[in-house]
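Next comes coords_3.txt, a file with compact mmCIF, C-alpha atoms and all ligand atoms.
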```txt
# COMPACT_ATOMS: atom_id res chain seq x y z
CA MET F 241 129.69 91.71 26.04
CA THR F 242 129.09 92.40 22.36
CA LEU F 243 131.58 94.08 20.11
CA SER F 244 130.82 97.49 18.63
CA LYS F 245 128.77 97.69 15.42
CA ASN F 246 131.64 99.44 13.67
CA VAL F 247 134.17 96.77 14.50
CA MET F 248 131.80 93.97 13.44
CA LYS F 249 131.76 95.44 9.90
CA VAL F 250 135.53 95.10 9.59
CA GLN F 251 137.58 92.27 8.12
CA PRO F 252 141.20 91.67 9.12
CA SER F 253 143.71 92.96 6.57
CA ALA F 254 143.84 90.43 3.68
CA THR F 255 147.39 91.36 2.83
CA LEU F 256 148.56 90.92 6.41
CA ALA F 257 146.62 87.61 6.68
CA THR F 258 148.26 86.19 3.54
CA SER F 259 151.59 87.48 4.72
CA ALA F 260 151.14 85.84 8.17
CA LYS F 261 150.20 82.48 6.59
CA THR F 262 153.20 82.72 4.27
CA LYS F 263 155.60 83.58 7.06
CA GLU F 264 154.27 80.62 9.10
CA MET F 265 154.92 78.25 6.18
CA ILE F 266 158.43 79.65 5.78
CA ALA F 267 159.03 79.24 9.54
CA ASN F 268 157.99 75.59 9.13
CA GLY F 269 160.75 75.11 6.60
CA ILE F 270 158.64 75.35 3.43
CA ASP F 271 160.34 77.16 0.57
CA VAL F 272 157.63 79.74 -0.19
CA ILE F 273 158.37 82.65 -2.52
CA ASN F 274 156.58 85.59 -1.02
CA LEU F 275 155.04 87.90 -3.61
CA ALA F 276 152.29 88.97 -1.21
CA ILE F 277 154.39 91.55 0.54
CA GLY F 278 153.77 95.28 0.66
CA GLU F 279 157.15 96.19 2.04
CA PRO F 280 160.44 96.87 0.27
CA ASP F 281 162.82 93.93 0.72
CA PHE F 282 165.78 96.27 1.25
CA VAL F 283 167.39 97.12 4.55
CA THR F 284 166.91 100.69 5.79
CA PRO F 285 169.91 102.67 4.46
CA ASP F 286 172.91 102.94 6.72
CA TYR F 287 172.83 106.70 7.29
CA ILE F 288 169.30 106.39 8.68
CA GLN F 289 170.23 103.51 10.97
CA THR F 290 173.22 105.51 12.22
CA ALA F 291 171.06 108.51 13.07
CA ALA F 292 168.67 106.30 15.02
CA ILE F 293 171.51 104.64 16.93
CA GLU F 294 172.94 108.05 17.76
CA ALA F 295 169.52 109.17 18.99
CA ILE F 296 169.33 106.14 21.28
CA ARG F 297 172.89 106.59 22.53
CA SER F 298 172.32 110.25 23.32
CA GLY F 299 169.28 109.48 25.45
CA LYS F 300 166.53 110.55 23.05
CA THR F 301 164.43 107.66 24.24
CA SER F 302 162.86 108.59 27.52
CA PHE F 303 160.62 111.52 26.64
CA TYR F 304 157.35 112.09 24.86
CA THR F 305 157.52 114.47 21.94
CA PRO F 306 154.68 116.79 20.88
CA ALA F 307 151.77 114.60 19.73
CA GLY F 308 152.11 115.67 16.11
CA GLY F 309 155.89 115.21 16.02
CA LEU F 310 159.05 117.15 16.84
CA PRO F 311 159.17 120.66 15.33
CA GLU F 312 162.47 119.79 13.59
CA LEU F 313 160.81 116.72 12.06
CA LYS F 314 157.93 118.84 10.75
CA THR F 315 160.44 121.27 9.28
CA ALA F 316 162.27 118.39 7.56
CA ILE F 317 158.97 117.05 6.20
CA GLY F 318 157.98 120.51 4.93
CA GLN F 319 161.34 121.01 3.24
CA ARG F 320 161.29 117.63 1.50
CA ILE F 321 157.70 118.09 0.31
CA ALA F 322 158.63 121.56 -1.01
CA VAL F 323 161.44 119.96 -3.05
CA GLU F 324 159.17 117.22 -4.35
CA THR F 325 155.97 119.19 -5.04
CA GLY F 326 156.93 122.87 -5.10
CA VAL F 327 154.40 123.58 -2.33
CA HIS F 328 155.50 125.18 0.95
CA TYR F 329 153.72 124.11 4.13
CA ASP F 330 154.36 125.55 7.57
CA ASN F 331 154.52 123.38 10.67
CA LYS F 332 150.88 124.07 11.62
CA GLN F 333 149.88 122.30 8.42
CA ILE F 334 151.88 119.14 9.19
CA ILE F 335 151.35 116.14 11.45
CA ALA F 336 153.72 113.17 11.81
CA THR F 337 152.01 109.90 12.67
CA THR F 338 152.69 106.26 13.44
CA GLY F 339 152.77 105.26 9.76
CA ALA F 340 150.64 106.60 6.91
CA LYS F 341 148.11 103.91 7.78
CA PHE F 342 147.39 105.55 11.12
CA ALA F 343 147.45 108.96 9.42
CA LEU F 344 144.56 107.85 7.20
CA TYR F 345 142.70 106.45 10.18
CA LEU F 346 143.06 109.78 12.00
CA ILE F 347 141.75 111.65 8.96
CA PHE F 348 138.60 109.51 8.80
CA GLU F 349 138.19 109.82 12.57
CA VAL F 350 138.11 113.62 12.44
CA ILE F 351 136.13 114.20 9.23
CA LEU F 352 133.38 111.55 9.28
CA ASN F 353 129.98 111.54 10.92
CA PRO F 354 127.73 108.46 10.80
CA GLY F 355 126.60 107.79 7.24
CA ASP F 356 129.10 110.11 5.57
CA GLU F 357 130.36 108.54 2.38
CA VAL F 358 133.94 108.24 1.18
CA LEU F 359 134.56 107.48 -2.50
CA LEU F 360 137.14 104.79 -3.18
CA PRO F 361 137.98 104.22 -6.85
CA ALA F 362 138.42 100.45 -7.36
CA PRO F 363 140.85 98.84 -7.08
CA PHE F 364 141.74 100.48 -3.79
CA TRP F 365 144.21 99.74 -1.02
CA VAL F 366 142.62 97.31 1.44
CA SER F 367 142.67 99.47 4.55
CA TYR F 368 140.75 102.49 3.21
CA ALA F 369 137.35 100.77 3.26
CA GLU F 370 137.86 99.15 6.64
CA GLN F 371 139.09 102.36 8.22
CA VAL F 372 136.02 104.19 6.93
CA ASN F 373 133.85 101.42 8.42
CA LEU F 374 135.70 101.64 11.72
CA THR F 375 135.18 105.39 12.00
CA GLY F 376 131.45 105.21 11.29
CA GLY F 377 131.45 106.25 7.64
CA THR F 378 130.32 104.39 4.55
CA PRO F 379 132.93 103.34 1.98
CA ILE F 380 131.66 103.62 -1.60
CA SER F 381 133.53 101.54 -4.16
CA VAL F 382 133.64 103.51 -7.41
CA ALA F 383 133.74 101.50 -10.65
CA THR F 384 136.57 102.87 -12.80
CA THR F 385 136.37 103.16 -16.59
CA GLY F 386 139.67 104.89 -17.37
CA ALA F 387 142.63 103.03 -18.89
CA GLY F 388 144.57 100.91 -16.38
CA HIS F 389 141.88 101.17 -13.68
CA LYS F 390 141.93 104.95 -13.51
CA VAL F 391 138.86 106.77 -12.26
CA THR F 392 137.33 109.53 -14.40
CA VAL F 393 135.23 112.51 -13.38
CA ALA F 394 132.23 110.79 -15.01
CA ASP F 395 132.80 107.71 -12.79
CA LEU F 396 133.01 109.94 -9.72
CA GLU F 397 129.95 111.92 -10.69
CA LYS F 398 127.94 108.69 -10.89
CA ALA F 399 128.99 107.76 -7.37
CA ARG F 400 128.55 111.22 -5.80
CA SER F 401 125.65 111.80 -3.40
CA ALA F 402 124.59 114.43 -0.88
CA LYS F 403 126.48 112.40 1.72
CA THR F 404 129.82 112.33 -0.11
CA GLN F 405 132.40 113.77 2.25
CA ALA F 406 135.72 112.73 0.75
CA LEU F 407 137.51 111.00 -2.10
CA VAL F 408 140.67 108.96 -1.63
CA LEU F 409 142.98 109.02 -4.63
CA ASN F 410 146.16 106.97 -4.66
CA SER F 411 148.83 107.63 -7.26
CA PRO F 412 151.08 105.74 -7.93
CA GLN F 413 148.45 103.21 -7.13
CA ASN F 414 148.52 100.09 -4.99
CA PRO F 415 147.70 97.54 -6.45
CA SER F 416 147.65 98.56 -10.14
CA GLY F 417 150.83 100.64 -10.30
CA LEU F 418 149.13 103.31 -12.41
CA ILE F 419 149.98 107.01 -12.20
CA TYR F 420 147.49 109.78 -12.91
CA THR F 421 148.62 112.47 -15.33
CA ALA F 422 148.52 116.16 -14.42
CA ALA F 423 145.50 116.64 -16.70
CA GLU F 424 143.59 113.76 -15.09
CA LEU F 425 144.42 115.00 -11.60
CA THR F 426 143.41 118.56 -12.46
CA ALA F 427 140.02 117.40 -13.72
CA ILE F 428 139.45 115.33 -10.57
CA GLY F 429 140.80 118.06 -8.29
CA ASN F 430 138.54 120.72 -9.80
CA TRP F 431 135.55 118.39 -9.56
CA ALA F 432 136.26 117.84 -5.84
CA VAL F 433 136.63 121.59 -5.23
CA ALA F 434 133.40 122.33 -7.11
CA HIS F 435 131.45 119.86 -4.95
CA ASP F 436 133.21 120.64 -1.68
CA ILE F 437 134.51 117.07 -1.41
CA LEU F 438 137.73 116.70 0.56
CA LEU F 439 140.49 115.12 -1.47
CA ILE F 440 142.73 112.69 0.36
CA SER F 441 145.75 112.17 -1.86
CA ASP F 442 147.75 109.10 -0.86
CA GLU F 443 151.14 109.64 -2.50
CA ILE F 444 153.16 107.11 -0.51
CA TYR F 445 154.70 105.60 -3.67
CA SER F 446 155.58 108.96 -5.25
CA ASN F 447 159.31 108.21 -5.35
CA LEU F 448 158.91 104.75 -6.86
CA VAL F 449 158.27 105.67 -10.50
CA TYR F 450 159.83 103.85 -13.43
CA ASN F 451 160.85 103.92 -17.07
CA GLY F 452 160.71 107.69 -17.50
CA ASN F 453 157.13 108.04 -16.29
CA GLN F 454 156.36 111.25 -14.43
CA PHE F 455 154.69 111.57 -11.06
CA THR F 456 152.52 114.64 -10.44
CA SER F 457 151.43 115.58 -6.95
CA MET F 458 147.83 116.68 -6.48
CA VAL F 459 148.91 119.59 -4.30
CA GLY F 460 151.07 121.28 -6.96
CA LEU F 461 148.22 121.74 -9.45
CA SER F 462 146.50 124.90 -8.21
CA GLU F 463 145.95 126.82 -5.00
CA ALA F 464 142.29 125.84 -4.84
CA ILE F 465 143.03 122.14 -5.27
CA CYS F 466 145.89 122.30 -2.77
CA LYS F 467 143.64 123.95 -0.15
CA ASN F 468 141.06 121.20 -0.60
CA THR F 469 143.62 118.35 -0.39
CA LEU F 470 145.22 116.42 2.42
CA LEU F 471 148.54 115.03 1.23
CA VAL F 472 149.28 111.68 2.89
CA THR F 473 152.68 110.07 2.61
CA GLY F 474 155.54 108.62 4.65
CA VAL F 475 158.93 106.98 4.69
CA SER F 476 157.95 103.27 4.56
CA LYS F 477 158.31 102.72 0.83
CA THR F 478 160.80 105.40 -0.26
CA TYR F 479 163.39 104.65 2.41
CA ALA F 480 162.64 100.96 3.13
CA MET F 481 161.40 102.03 6.56
CA THR F 482 158.14 100.10 6.98
CA GLY F 483 159.15 98.87 10.42
CA TRP F 484 159.86 102.34 11.77
CA ARG F 485 156.18 103.32 11.41
CA MET F 486 156.40 106.91 10.30
CA GLY F 487 153.94 108.71 8.08
CA TYR F 488 152.75 112.28 7.72
CA VAL F 489 149.91 114.47 6.47
CA LEU F 490 150.06 118.01 5.12
CA GLY F 491 147.06 120.26 4.63
CA ASP F 492 144.30 122.29 6.30
CA PRO F 493 145.58 123.39 9.75
CA ALA F 494 142.15 122.87 11.36
CA ILE F 495 142.06 119.23 10.26
CA ILE F 496 145.71 118.75 11.26
CA LYS F 497 144.96 120.21 14.70
CA ALA F 498 141.98 117.87 15.19
CA MET F 499 144.08 114.89 14.10
CA THR F 500 146.80 115.93 16.56
CA THR F 501 144.25 116.06 19.38
CA VAL F 502 143.03 112.54 18.60
CA ALA F 503 146.61 111.27 18.24
CA SER F 504 147.48 112.78 21.62
CA HIS F 505 144.89 110.49 23.20
CA ALA F 506 145.58 107.47 20.98
CA THR F 507 149.33 107.01 20.64
CA GLY F 508 150.69 110.02 22.53
CA ASN F 509 153.28 110.59 19.83
CA PRO F 510 155.02 108.65 17.09
CA THR F 511 158.04 106.73 18.41
CA THR F 512 160.74 109.24 19.30
CA VAL F 513 163.66 107.29 17.82
CA SER F 514 161.77 106.84 14.55
CA GLN F 515 161.28 110.59 14.36
CA TYR F 516 165.04 111.12 14.52
CA ALA F 517 165.56 108.40 11.92
CA THR F 518 163.03 110.13 9.68
CA ILE F 519 164.74 113.51 9.99
CA ALA F 520 167.94 111.81 8.76
CA ALA F 521 166.09 110.07 5.94
CA LEU F 522 164.47 113.25 4.66
CA THR F 523 167.48 115.54 4.97
CA GLY F 524 170.22 113.11 3.90
CA ASP F 525 171.65 112.15 0.52
CA GLN F 526 168.85 110.58 -1.54
CA GLN F 527 171.14 108.25 -3.52
CA ASP F 528 170.06 105.10 -1.63
CA THR F 529 166.48 105.85 -2.56
CA GLU F 530 167.47 106.20 -6.20
CA ASP F 531 169.38 102.90 -6.07
CA MET F 532 166.34 101.09 -4.68
CA ARG F 533 164.12 102.72 -7.29
CA GLN F 534 166.38 101.45 -10.04
CA ALA F 535 166.32 97.93 -8.60
CA PHE F 536 162.51 97.98 -8.58
CA GLU F 537 162.49 99.26 -12.18
CA GLN F 538 164.66 96.35 -13.33
CA ARG F 539 162.42 93.87 -11.55
CA LEU F 540 159.30 95.36 -13.12
CA ASN F 541 160.85 95.17 -16.57
CA LEU F 542 161.86 91.57 -15.94
CA LEU F 543 158.60 90.31 -14.48
CA PHE F 544 155.95 92.23 -16.43
CA PRO F 545 156.31 90.44 -19.82
CA LYS F 546 156.57 87.07 -18.10
CA ILE F 547 153.36 87.56 -16.09
CA GLN F 548 151.67 88.92 -19.22
CA SER F 549 152.56 85.72 -21.07
CA LEU F 550 150.95 83.34 -18.55
CA PRO F 551 147.90 81.50 -19.91
CA GLY F 552 144.67 83.11 -18.69
CA PHE F 553 146.44 86.17 -17.27
CA GLU F 554 145.30 89.57 -18.57
CA LEU F 555 147.55 92.54 -17.95
CA THR F 556 147.43 95.21 -20.61
CA GLU F 557 148.74 98.39 -18.97
CA LYS F 558 152.34 98.28 -17.80
CA PRO F 559 152.58 99.59 -14.22
CA GLN F 560 154.41 102.91 -13.94
CA GLY F 561 155.08 103.01 -10.21
CA ALA F 562 154.77 101.31 -6.78
CA PHE F 563 155.88 97.62 -6.78
CA TYR F 564 152.90 95.53 -7.79
CA LEU F 565 151.30 93.87 -10.80
CA PHE F 566 147.51 93.42 -10.78
CA PRO F 567 146.51 90.99 -13.54
CA ASN F 568 142.97 89.80 -14.18
CA VAL F 569 143.19 86.03 -13.73
CA LYS F 570 139.57 85.08 -14.31
CA ARG F 571 140.42 82.81 -17.26
CA ALA F 572 143.39 81.21 -15.48
CA VAL F 573 141.20 80.43 -12.45
CA ALA F 574 138.67 78.64 -14.71
CA LEU F 575 141.42 76.97 -16.73
CA CYS F 576 142.87 75.47 -13.55
CA GLY F 577 139.45 74.24 -12.43
CA TYR F 578 138.97 76.57 -9.46
CA ALA F 579 135.65 78.21 -8.59
CA THR F 580 137.10 81.39 -7.10
CA THR F 581 140.23 83.53 -7.20
CA GLU F 582 140.70 82.81 -3.48
CA ALA F 583 140.78 79.03 -4.14
CA PHE F 584 143.29 79.59 -6.97
CA VAL F 585 145.49 81.70 -4.66
CA ASP F 586 145.25 79.04 -1.92
CA GLY F 587 146.21 76.31 -4.40
CA LEU F 588 149.13 78.38 -5.59
CA LEU F 589 150.38 78.83 -2.04
CA GLU F 590 149.78 75.26 -0.84
CA GLU F 591 150.98 73.45 -3.97
CA ALA F 592 153.35 75.78 -5.86
CA HIS F 593 154.56 77.68 -2.78
CA VAL F 594 154.06 81.10 -4.29
CA ALA F 595 152.21 83.69 -2.21
CA VAL F 596 150.09 86.42 -3.85
CA VAL F 597 147.05 88.35 -2.62
CA PRO F 598 143.51 87.81 -3.98
CA GLY F 599 141.99 90.94 -5.49
CA ARG F 600 138.67 90.90 -3.61
CA ALA F 601 140.11 92.93 -0.74
CA PHE F 602 141.04 95.62 -3.30
CA GLY F 603 137.48 95.66 -4.67
CA GLN F 604 138.31 93.53 -7.76
CA PRO F 605 137.75 89.80 -7.13
CA ASP F 606 138.91 88.62 -10.56
CA HIS F 607 142.43 89.95 -10.02
CA ILE F 608 145.46 88.99 -7.96
CA ARG F 609 148.17 91.28 -6.63
CA ILE F 610 151.74 90.23 -7.28
CA SER F 611 154.44 92.18 -5.46
CA TYR F 612 157.88 92.47 -7.03
CA ALA F 613 159.53 93.54 -3.77
CA ASN F 614 161.76 90.49 -4.06
CA ASP F 615 165.11 89.75 -5.72
CA GLN F 616 165.30 88.91 -9.42
CA ALA F 617 166.18 85.23 -8.91
CA SER F 618 163.12 84.77 -6.66
CA LEU F 619 160.90 86.57 -9.18
CA LEU F 620 162.07 84.30 -11.99
CA ALA F 621 161.62 81.20 -9.83
CA ALA F 622 158.13 82.34 -8.84
CA TYR F 623 157.20 82.90 -12.48
CA GLN F 624 158.39 79.37 -13.33
CA ARG F 625 156.38 77.89 -10.47
CA LEU F 626 153.31 79.81 -11.63
CA ALA F 627 153.74 78.64 -15.21
CA ASP F 628 154.23 75.01 -14.11
CA PHE F 629 151.23 75.21 -11.76
CA ILE F 630 148.94 76.44 -14.53
CA GLN F 631 150.27 73.87 -16.97
CA THR F 632 149.76 71.00 -14.52
CA LYS F 633 146.26 72.08 -13.58
CA SER F 634 144.88 72.91 -17.01
N1 LIG P 701 148.87 103.74 1.48
C1 LIG P 701 149.12 102.75 0.63
C2 LIG P 701 148.55 102.81 -0.74
C3 LIG P 701 149.90 101.65 1.02
O1 LIG P 701 150.14 100.65 0.15
C4 LIG P 701 150.41 101.61 2.33
C5 LIG P 701 151.19 100.44 2.81
O2 LIG P 701 151.13 99.36 2.28
C6 LIG P 701 150.13 102.68 3.17
C7 LIG P 701 149.36 103.72 2.72
C8 LIG P 701 150.60 102.70 4.61
O3 LIG P 701 151.95 102.82 4.77
P1 LIG P 701 152.64 102.95 6.20
O4 LIG P 701 151.58 102.80 7.25
O5 LIG P 701 153.66 101.88 6.27
O6 LIG P 701 153.25 104.32 6.24
```
Encoding of this model in C-alpha cells:
Amino acid sequence: MTLSKNVMKVQPSATLATSAKTKEMIANGIDVINLAIGEPDFVTPDYIQTAAIEAIRSGKTSFYTPAGGLPELKTAIGQRIAVETGVHYDNKQIIATTGAKFALYLIFEVILNPGDEVLLPAPFWVSYAEQVNLTGGTPISVATTGAGHKVTVADLEKARSAKTQALVLNSPQNPSGLIYTAAELTAIGNWAVAHDILLISDEIYSNLVYNGNQFTSMVGLSEAICKNTLLVTGVSKTYAMTGWRMGYVLGDPAIIKAMTTVASHATGNPTTVSQYATIAALTGDQQDTEDMRQAFEQRLNLLFPKIQSLPGFELTEKPQGAFYLFPNVKRAVALCGYATTEAFVDGLLEEAHVAVVPGRAFGQPDHIRISYANDQASLLAAYQRLADFIQTKS
C-alpha cells in the first residue's frame, strides 16, 4: 500500500510538533516556558461554559444538527458579523465548521482542481500551504515587500499566473501581528476582483487588536469586494475557545453549499454542544473578550521592547494584533554558533527551556515565532532565559 501523492507532499504541523515536544518535556517535570502556543492561555468565559453545561443537561447531545450548523447558530454568527463589519449575511451564506482550520480545508476542497494555484503572502500561517497540497492545488509563496511583511499589489501581480485561483489574506496576521489598512485592503481587493481571483480573508484575530490600532474587515470595503470574498473566522481566539473547535465562513452561497455537502460526508456536523456554547459566546456580553484583549495588549507592550533589545534579534514593526512576535534572528543564530534557525530553536528548548517555533513553516526560515499567550511573569522569565542563553553562547 502506498500513500496518496497529495498526502506525501504534506508535513505535520510545525507548531503542533513543537507544542507536543514542549508538553512532553513539561510532563517529564522540566520547567519549560511555552511560547510556541497558538492558543489563548485563558479559560473559556463562565457564561459560555454555563450555556454548554445547560445544553448537555437538557439533552442536546444525542442528535445530529444540520451539516452546516444549527439555524440559530447561523443567525447568531450573522448578527455578530453584522455588528463587527457592517455587512449583513443571510443563513444561506453561512457555514459553521469544526474550527476555522477545517473551514479553510473545506474551501480548498471545493474550489481547487489539480494544478490550481493559491497565493500565500509570506509569512503565512503553517496550515494554508499544506491544506492546498492536500486538496490537490499548488501553494505559491508570495515574497512581500510592504512594511512589516505586508503584501502589495505589485508583489501579487508578480506571482499571478493563469492558474491563480485564490489568494489567502490574513489580518491581523499570524505570525507577524500586522494589520492591513483599509487603503491596502481596498487595493488588494480590487486587484482580486479585476482578475477574478477568489479572496479568502482569514480574520480570526480581528478582535485582538492593540494600542489604538484599527482593524478593517475585507468584506466591508465595497459590494464587489465582498461578493468576491470568503470571510473565515471563529471563536477560538476571541473567546478562548480553541478546544471547542468552532469556526465559520461567510460568503458566496454556492461555495457555502458545496462546503456543506463535503462537511456532511466528512464530519456530519460540528459538535452539537459546541454550537450551543458558540451561540452564547456570540450573543452574550462581550466584556470578557475585552478583558482578555487588554491582557494581551499589556503583554505585548511588556515583551516587545525586551525582544527588540536582544542581541542579533531584528524586529522593527511593532505588532498591532494577534498574539505573536516574529523577529528575524539570523544574526543571533550565527552569534550563538548555530547553522540553522531550527538548531537554534532546539538549543533554546533543550538548554534554556524556552519553546518557540522556527519560521521556516511560515515561509521565512530566518525568523522565529514567539507567542505571548502566557502570563507576564512567564514572559519576563522567558526573556531572561533567552538573554542568558545568547550571552552564554556568543
Ligand atoms: N487561521 C489562523 C491564522 C490561525 O492562527 C488559526 C489557529 O491557530 C486558525 C486559522 C484556525 O483556528 P481554529 O481552527 O482554532 O478555529
Can I get the residues close to ligand LIG 701 (chain P) as a list in words, where close means within 6 Å and we count all atoms listed in the file?
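Those residues are Gly278, Gly339, Ala340, Lys341, Trp365, Asn414, Asp442, Ile444, Gly474, Ser476, Thr482, Arg485, Met486 and Gly487 of chain F.
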Can you tell me, as AutoDock Vina command-line options, the centre and edge lengths (Å, one decimal) of the axis-aligned box enclosing all of stretch 348-361 of chain F's listed atoms after padding each side by 4 Å?
```
--center_x 132.6 --center_y 109.2 --center_z 2.9 --size_x 20.0 --size_y 18.0 --size_z 27.4
```
So what do you get for atom CA of F:Ile519 versus atom CA of F:Thr338, distance-wise?
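Those two atoms sit 14.5 Å apart.
Among F:Leu310, F:Ala402, F:Ile630, F:Ile610, the residue with the shortest atom-to-atom distance to F:Ala574, counting only C-alpha atoms, is F:Ile630.
Between F:Ala627 and the candidates F:Thr325, F:Ser549, F:Ser381, F:Thr255, the tightest atom-to-atom separation, counting all atoms listed in the file, involves F:Ser549.
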Compare F:Gly318, F:Pro551, F:Gly508, F:Pro363 by their minimum atom-to-atom distance to F:Gly603, counting all atoms listed in the file, and give me the closest one.
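Among the listed residues, F:Pro363 lies closest to F:Gly603.
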Report, in Å with one decimal, the straight-line distance from atom CA of F:Leu619 to atom CA of F:Ile270.
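Separation of atom CA of F:Leu619 and atom CA of F:Ile270: 17.0 Å.
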Rounded to one decimal place, report the atom CA of F:Val247-atom CA of F:Ala494 distance in Å.
27.5 Å
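Minimum atom-to-atom distance to F:Ile419, evaluated using only C-alpha atoms, belongs to F:Gln454 out of F:Thr392, F:Asn614, F:Thr632, F:Gln454.
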